[in-house]
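Asks: Take a look at input-v5.pdb, PDB, C-alpha atoms, pLDDT in the B column:
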```pdb
MODEL        1
ATOM      1  CA  MET A   1       8.215  12.475  21.220  1.00 71.00           C
ATOM      2  CA  PRO A   2       4.904  10.593  21.550  1.00 89.00           C
ATOM      3  CA  PHE A   3       2.654  12.967  19.545  1.00 95.00           C
ATOM      4  CA  TYR A   4       2.822  14.039  15.896  1.00 95.00           C
ATOM      5  CA  ASP A   5       0.926  16.285  13.485  1.00 95.00           C
ATOM      6  CA  ILE A   6       0.466  14.477  10.162  1.00 94.00           C
ATOM      7  CA  SER A   7       0.438  17.769   8.255  1.00 93.00           C
ATOM      8  CA  GLU A   8       3.950  18.536   9.521  1.00 94.00           C
ATOM      9  CA  ARG A   9       5.456  15.297   8.167  1.00 96.00           C
ATOM     10  CA  GLU A  10       6.898  15.631   4.673  1.00 96.00           C
ATOM     11  CA  ALA A  11       5.444  13.122   2.214  1.00 97.00           C
ATOM     12  CA  LYS A  12       7.787  10.633   0.537  1.00 97.00           C
ATOM     13  CA  GLU A  13       6.994   9.376  -2.978  1.00 97.00           C
ATOM     14  CA  ILE A  14       7.004   5.552  -3.174  1.00 97.00           C
ATOM     15  CA  VAL A  15       5.658   5.234  -6.741  1.00 98.00           C
ATOM     16  CA  PRO A  16       4.568   7.861  -9.273  1.00 98.00           C
ATOM     17  CA  GLY A  17       1.279   9.192  -7.845  1.00 98.00           C
ATOM     18  CA  GLY A  18       1.786   7.460  -4.478  1.00 98.00           C
ATOM     19  CA  ARG A  19       3.054   9.018  -1.246  1.00 98.00           C
ATOM     20  CA  ILE A  20       3.535   8.002   2.370  1.00 98.00           C
ATOM     21  CA  ARG A  21       3.923   9.794   5.673  1.00 98.00           C
ATOM     22  CA  THR A  22       5.394   7.469   8.305  1.00 98.00           C
ATOM     23  CA  PHE A  23       5.655   7.349  12.078  1.00 97.00           C
ATOM     24  CA  TRP A  24       7.436   4.596  13.998  1.00 97.00           C
ATOM     25  CA  GLY A  25       8.464   3.168  17.320  1.00 96.00           C
ATOM     26  CA  ASP A  26      10.763   0.280  18.206  1.00 94.00           C
ATOM     27  CA  LYS A  27       8.546  -2.540  16.903  1.00 96.00           C
ATOM     28  CA  SER A  28       6.003  -1.087  14.477  1.00 98.00           C
ATOM     29  CA  LEU A  29       5.562   1.595  11.825  1.00 98.00           C
ATOM     30  CA  LEU A  30       2.414   3.451  10.764  1.00 98.00           C
ATOM     31  CA  ALA A  31       2.129   4.804   7.225  1.00 98.00           C
ATOM     32  CA  ILE A  32      -0.520   7.147   5.876  1.00 98.00           C
ATOM     33  CA  VAL A  33      -0.640   6.118   2.215  1.00 98.00           C
ATOM     34  CA  GLU A  34      -2.141   8.412  -0.430  1.00 98.00           C
ATOM     35  CA  LEU A  35      -2.633   7.223  -4.001  1.00 98.00           C
ATOM     36  CA  ASP A  36      -3.776   9.529  -6.788  1.00 98.00           C
ATOM     37  CA  SER A  37      -6.244   8.215  -9.351  1.00 98.00           C
ATOM     38  CA  HIS A  38      -4.721   5.868 -11.957  1.00 98.00           C
ATOM     39  CA  THR A  39      -1.824   4.896  -9.668  1.00 98.00           C
ATOM     40  CA  GLU A  40      -0.311   1.423  -9.347  1.00 98.00           C
ATOM     41  CA  VAL A  41       1.813  -0.051  -6.574  1.00 98.00           C
ATOM     42  CA  PRO A  42       3.473  -2.978  -8.410  1.00 98.00           C
ATOM     43  CA  ALA A  43       3.451  -6.514  -7.033  1.00 98.00           C
ATOM     44  CA  HIS A  44       6.039  -6.919  -4.288  1.00 98.00           C
ATOM     45  CA  ALA A  45       6.696  -8.750  -1.026  1.00 98.00           C
ATOM     46  CA  HIS A  46       8.609  -7.956   2.155  1.00 97.00           C
ATOM     47  CA  SER A  47       9.317  -9.799   5.380  1.00 98.00           C
ATOM     48  CA  ASN A  48       7.218  -7.372   7.448  1.00 98.00           C
ATOM     49  CA  GLU A  49       3.632  -8.257   8.334  1.00 98.00           C
ATOM     50  CA  GLN A  50       1.324  -5.515   7.048  1.00 98.00           C
ATOM     51  CA  GLY A  51      -2.195  -4.635   8.076  1.00 98.00           C
ATOM     52  CA  GLY A  52      -4.261  -1.709   6.934  1.00 98.00           C
ATOM     53  CA  ILE A  53      -7.602   0.002   6.606  1.00 98.00           C
ATOM     54  CA  LEU A  54      -8.876   2.040   3.684  1.00 98.00           C
ATOM     55  CA  LEU A  55      -9.819   5.492   4.992  1.00 98.00           C
ATOM     56  CA  GLU A  56     -10.982   7.274   1.827  1.00 98.00           C
ATOM     57  CA  GLY A  57     -11.696   6.534  -1.826  1.00 98.00           C
ATOM     58  CA  GLU A  58     -11.535   3.184  -3.577  1.00 98.00           C
ATOM     59  CA  MET A  59      -8.627   0.869  -4.306  1.00 98.00           C
ATOM     60  CA  GLU A  60      -8.204  -2.561  -5.842  1.00 98.00           C
ATOM     61  CA  MET A  61      -5.782  -4.810  -3.970  1.00 98.00           C
ATOM     62  CA  GLY A  62      -4.342  -8.225  -4.617  1.00 98.00           C
ATOM     63  CA  ILE A  63      -2.880 -10.354  -1.820  1.00 98.00           C
ATOM     64  CA  GLY A  64      -1.497 -13.694  -2.939  1.00 98.00           C
ATOM     65  CA  ILE A  65      -4.218 -15.140  -5.222  1.00 98.00           C
ATOM     66  CA  ASP A  66      -7.048 -13.022  -3.732  1.00 98.00           C
ATOM     67  CA  THR A  67      -8.200  -9.720  -5.238  1.00 98.00           C
ATOM     68  CA  ARG A  68     -10.791  -7.275  -3.937  1.00 98.00           C
ATOM     69  CA  VAL A  69     -11.991  -3.704  -4.510  1.00 98.00           C
ATOM     70  CA  LEU A  70     -11.709  -1.942  -1.160  1.00 98.00           C
ATOM     71  CA  LYS A  71     -13.983   0.806   0.125  1.00 98.00           C
ATOM     72  CA  PRO A  72     -13.612   2.959   3.263  1.00 98.00           C
ATOM     73  CA  GLY A  73     -13.632   0.795   6.381  1.00 98.00           C
ATOM     74  CA  ASP A  74     -12.317  -2.331   4.644  1.00 98.00           C
ATOM     75  CA  VAL A  75      -9.386  -3.957   6.460  1.00 98.00           C
ATOM     76  CA  TYR A  76      -6.603  -6.117   5.003  1.00 98.00           C
ATOM     77  CA  ILE A  77      -3.902  -8.285   6.567  1.00 98.00           C
ATOM     78  CA  ILE A  78      -0.819  -9.278   4.555  1.00 98.00           C
ATOM     79  CA  PRO A  79       1.464 -11.924   6.061  1.00 98.00           C
ATOM     80  CA  GLY A  80       5.202 -11.424   5.653  1.00 98.00           C
ATOM     81  CA  ASN A  81       6.726 -12.569   2.343  1.00 98.00           C
ATOM     82  CA  VAL A  82       3.348 -12.727   0.538  1.00 98.00           C
ATOM     83  CA  GLN A  83       3.203 -10.935  -2.805  1.00 98.00           C
ATOM     84  CA  HIS A  84       0.689  -8.083  -2.986  1.00 98.00           C
ATOM     85  CA  TRP A  85      -0.188  -5.047  -5.125  1.00 98.00           C
ATOM     86  CA  ALA A  86      -2.640  -2.135  -5.232  1.00 98.00           C
ATOM     87  CA  ARG A  87      -4.069   0.226  -7.802  1.00 98.00           C
ATOM     88  CA  THR A  88      -6.573   3.011  -8.153  1.00 98.00           C
ATOM     89  CA  GLU A  89      -8.729   3.800 -11.146  1.00 97.00           C
ATOM     90  CA  ILE A  90     -10.937   6.907 -11.161  1.00 96.00           C
ATOM     91  CA  SER A  91     -10.916   7.448  -7.401  1.00 95.00           C
ATOM     92  CA  ARG A  92      -8.047   8.573  -5.202  1.00 98.00           C
ATOM     93  CA  ALA A  93      -7.397   6.517  -2.080  1.00 98.00           C
ATOM     94  CA  LYS A  94      -6.042   7.038   1.427  1.00 98.00           C
ATOM     95  CA  ALA A  95      -5.132   4.161   3.737  1.00 98.00           C
ATOM     96  CA  LEU A  96      -3.456   3.579   7.058  1.00 98.00           C
ATOM     97  CA  ASP A  97      -0.882   0.770   6.888  1.00 98.00           C
ATOM     98  CA  ILE A  98       0.797  -0.758   9.930  1.00 98.00           C
ATOM     99  CA  PHE A  99       4.028  -2.739   9.594  1.00 98.00           C
ATOM    100  CA  SER A 100       5.606  -5.057  12.129  1.00 98.00           C
ATOM    101  CA  PRO A 101       8.471  -5.037  12.568  1.00 98.00           C
ATOM    102  CA  ALA A 102       8.987  -1.463  11.426  1.00 97.00           C
ATOM    103  CA  ARG A 103      10.119  -1.173   7.795  1.00 96.00           C
ATOM    104  CA  GLU A 104      13.579   0.350   7.838  1.00 95.00           C
ATOM    105  CA  ASP A 105      13.192   1.634   4.258  1.00 95.00           C
ATOM    106  CA  TYR A 106      10.105   3.637   5.320  1.00 96.00           C
ATOM    107  CA  LYS A 107      11.899   5.490   8.132  1.00 96.00           C
ATOM    108  CA  TYR A 108      12.876   8.969   6.961  1.00 92.00           C
TER     109      TYR A 108
ENDMDL
END
```
Represent the structure contained in this file as structure tokens.
Replies:
Amino acid sequence: MPFYDISEREAKEIVPGGRIRTFWGDKSLLAIVELDSHTEVPAHAHSNEQGGILLEGEMEMGIGIDTRVLKPGDVYIIPGNVQHWARTEISRAKALDIFSPAREDYKY
């Protein structure tokens, strides 16, 4: 099926206070990521390249040795196998992440 309604996809918790809704094809995966305030995605790395855009709220992100506070419209690119993390403070955040190749652990 080529069309989806985000509201019909069940959210999957990835960390306490953090949820994803994912959609995928053969070579890529899209994830709507929602982080409550005071939520942390611990430092991690994966072989998949990851790009994203912050849609709502505010989020601090670290990629390798670089750190930035992101606001809506800010874009990030994370090469495969590079350590990265994210966290929210007072604000909630919503982002669209794109993974290539598709992350098998995010297919549900």
Asks: Point out the residue among A:Lys94, A:Leu30, A:Gly57, A:Gly52 with the least atom-to-atom distance to A:Ile78, counting only C-alpha atoms.
Replies: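 Among A:Lys94, A:Leu30, A:Gly57, A:Gly52, it is A:Gly52 that comes nearest to A:Ile78.
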Asks: Can you translate the PyMOL selection byres ((chain A and resi 99) around 12) into the concrete residues it hits in this file, as a PyMOL selection string?
Replies: chain A and resi 22-32+46-52+77-80+96-98+100-107
Asks: Put the listed atoms of stretch 50-61 of chain A in a box along x, y and z with 6 Å added on every side and give me the centre and edge lengths in Å to one decimal, as AutoDock Vina command-line options.
Replies:
```
--center_x -5.2 --center_y 0.9 --center_z 1.1 --size_x 25.0 --size_y 24.8 --size_z 25.9
```
Asks: Could you list, as number ranges by chain, every residue within 7 Å of A:His84, counting only C-alpha atoms and ignoring same-chain residues fewer than 5 positions away?
Replies: A: 43-45, 62-64
Asks: With distances taken over all atoms listed in the file, which residue among A:Ser7, A:Thr88, A:Gln83, A:Ser37 lies nearest A:Asp66?
Replies: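 Of the candidates, the smallest distance to A:Asp66 is held by A:Gln83.
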Asks: Give me the result of the PyMOL selection byres ((chain A and resi 61) around 8) on this file, residue by residue, as an NGL selection string.
Replies: :A and (59-60 or 62-63 or 67-70 or 84-87)
Asks: Could you tell me which residues the PyMOL selection byres ((chain A and resi 38) around 9) returns for this structure, as a list of chain:residue names?
Replies: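 This file, filtered by the PyMOL selection byres ((chain A and resi 38) around 9), leaves A:Gly17, A:Leu35, A:Asp36, A:Ser37, A:Thr39, A:Glu40, A:Arg87, A:Thr88, A:Glu89, A:Ile90, A:Ser91, A:Arg92.
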Asks: Just how far from atom CA of A:Glu8 is atom CA of A:Pro42, in Å to one decimal?
Replies: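 Between these atoms lies a distance of 28.0 Å.
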Asks: If we draw a sphere of 12 Å around (-18.8, 0.3, 9.0), which residues have at least one atom in it when counting all atoms listed in the file? Please report them as number ranges by chain.
Replies: A: 53-55, 71-75
